[in-house]
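Written out below as structure tokens is the structure these notes cover.
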Amino acid sequence: MEEKLIAFIREEFLTDPSQDITPDTKLLSSGLVDSFSLVSLQAFIEKEFGKRIPAPRITVQSFDTVRQMVRVIGQF
């Protein structure tokens, strides 16, 4: 799951797709991914993993890293 999320983020949101991203890379708080991208990320998670994450659960605190995303996805 982490690898698929990282690949999606790298391809869809980064200006330099070769940039290294780890499961603990700060994405939102560092500005690598903007808050508008969360809607696309939410749609990807629903399509790829069959998990619908309610919008209120997608925050900088819960979705700042891929590891945090996986934790939240696992709750649904």
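Every chain in the structure tokens has a letter given in the order shown (A, B, ...), and although residue numbers restart at 1 in each chain, ligands are simply numbered from 1 in the order shown.
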
task: Run DSSP on the backbone and grab whatever in chain A lands in helix (DSSP H, G or I); send it over as a ChimeraX atom specification.
output: /A:2-13,37-49,55-57,60-63,66-73

task: Quick one: everything within 10 Å of Arg10 (chain A), counting only C-alpha atoms, minus sequence neighbours fewer than 6 positions away in the same chain. Send it as a list in words.
output: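 Counting only C-alpha atoms, the residues come to Lys4, Asp16, Pro17, Ser18, Gln19, Asp20, Ile21, Leu32 and Val33 of chain A.
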
message: Could you check the closest approach to Ile73 (chain A) for each of A:Leu28, A:Ile9, A:Val39, A:Met1 and tell me which residue wins, using only C-alpha atoms?
response: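 So, comparing all the options, the nearest one is A:Met1.
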
- request: Can you work out which one of A:Phe49, A:Gln75, A:Phe44, A:Ile6 has the shortest atom-to-atom distance to Lys26 (chain A), counting only C-alpha atoms?
  value: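 Nearest candidate to Lys26 (chain A) out of A:Phe49, A:Gln75, A:Phe44, A:Ile6: A:Ile6.
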
query: Neighbours of Ile58 (chain A) within 8 Å (only C-alpha atoms; same-chain residues fewer than 5 positions away dropped), as a ChimeraX atom specification?
result: /A:38,53,63

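For the choices A:Leu5, A:Arg71, A:Val60, A:Pro54, the atom-to-atom distance to Phe36 (chain A) is smallest for A:Val60 when using only C-alpha atoms.
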
message: Counting only C-alpha atoms, which residue out of A:Leu14, A:Ser30, A:Ser37, A:Gln42 sits closest to Met69 (chain A)?
response: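 Among the listed residues, A:Gln42 lies closest to Met69 (chain A).
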
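Each of A:Ser40, A:Asp24, A:Gln68, A:Glu11 was checked against Ala55 (chain A) using only C-alpha atoms; the smallest atom-to-atom distance is that of A:Ser40.
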
query: Interatomic distance between CA of Thr25 (chain A) and CA of Asp64 (chain A)?
result: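 Computing it gives 8.0 Å between the two atoms.
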
task: Using CA of Glu12 (chain A) and CA of Val66 (chain A) as the two end points, give the distance in Å to one decimal.
output: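 Going from CA of Glu12 (chain A) over to CA of Val66 (chain A) covers 14.5 Å.
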